[in-house]
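K.L.:
Attaching a single structure in structure tokens format; questions to follow.
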Amino acid sequence: METLVKIPEVGTGATMVYIADSHAATVVAVSDNGKTVTVQRDSVRPTPGAAAYSNLWETKPDPAGAMTTFTLRRNGRYVQQGQSMKHGLVAMIGTRREYYSYEF
């Protein structure tokens with residue numbers, strides 16, 4: 001039976017999800033089978049005129065951004081390489097989101 005999993009593409013947006021915060025990134029490398037992706041942290045700055053703590057950000061790819069590698073796990077999520085599936089850093093492929101939880 002053929003699987004219909006879509007392999008991510010270089011240049012696609014990504015979001016690295018921490019416990020409460022998330023960081024925008026861009027996919028910069030994908031293995032042939034799509035099970036390993038490397039994302040690079042985007043350049044982020046507050047949207048001009050946005051209220052303080054509004055979480056309104058302008059993002060764009062940053063060639064000097066930090067890179068992180070994720071592997072596709074059996075639960076269908078991309079989790080940071082070397083971390084546990086249950087508690088590891090997750091990458092959501094296909095969306096860019098920058099968010100800081102200021103409640104902590």
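Letters A, B, ... mark the chains of the structure tokens in the order given; residue numbers begin at 1 per chain; ligand numbers begin at 1, in order shown.
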Could you pull out the strand (DSSP E or B) residues of chain A, going by DSSP on the backbone, and write them as a PyMOL selection string?
P.N.:
chain A and resi 13-17+22-30+36-41+43-46+57-60+67-72+78-80+90-93+99
K.L.:
Can you tell me which residues surround Ser31 in chain A at a distance of at most 10 Å, considering only C-alpha atoms, apart from same-chain residues fewer than 6 positions away, and format the answer as a list of chain:residue names?
P.N.:
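Within the cut-off, the hits are A:Ile7, A:Pro8, A:Glu9, A:Val37, A:Thr38, A:Thr71.
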K.L.:
Between A:Pro61, A:Ile93, A:Ala25, A:Tyr53, which one has atoms that come closest to Lys6 in chain A, using only C-alpha atoms?
P.N.:
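Among the listed residues, the smallest separation from Lys6 in chain A belongs to A:Ile93.
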K.L.:
Work out how far apart CA of Thr47 in chain A and CA of Thr26 in chain A are and give it in Å to one decimal.
P.N.:
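These two atoms are separated by 19.1 Å.
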K.L.:
Between A:Met16, A:Val28, A:Val10, A:Ala51, which is the closest to Gln80 in chain A once you count only C-alpha atoms?
P.N.:
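Under the stated criterion, the closest residue is A:Met16.
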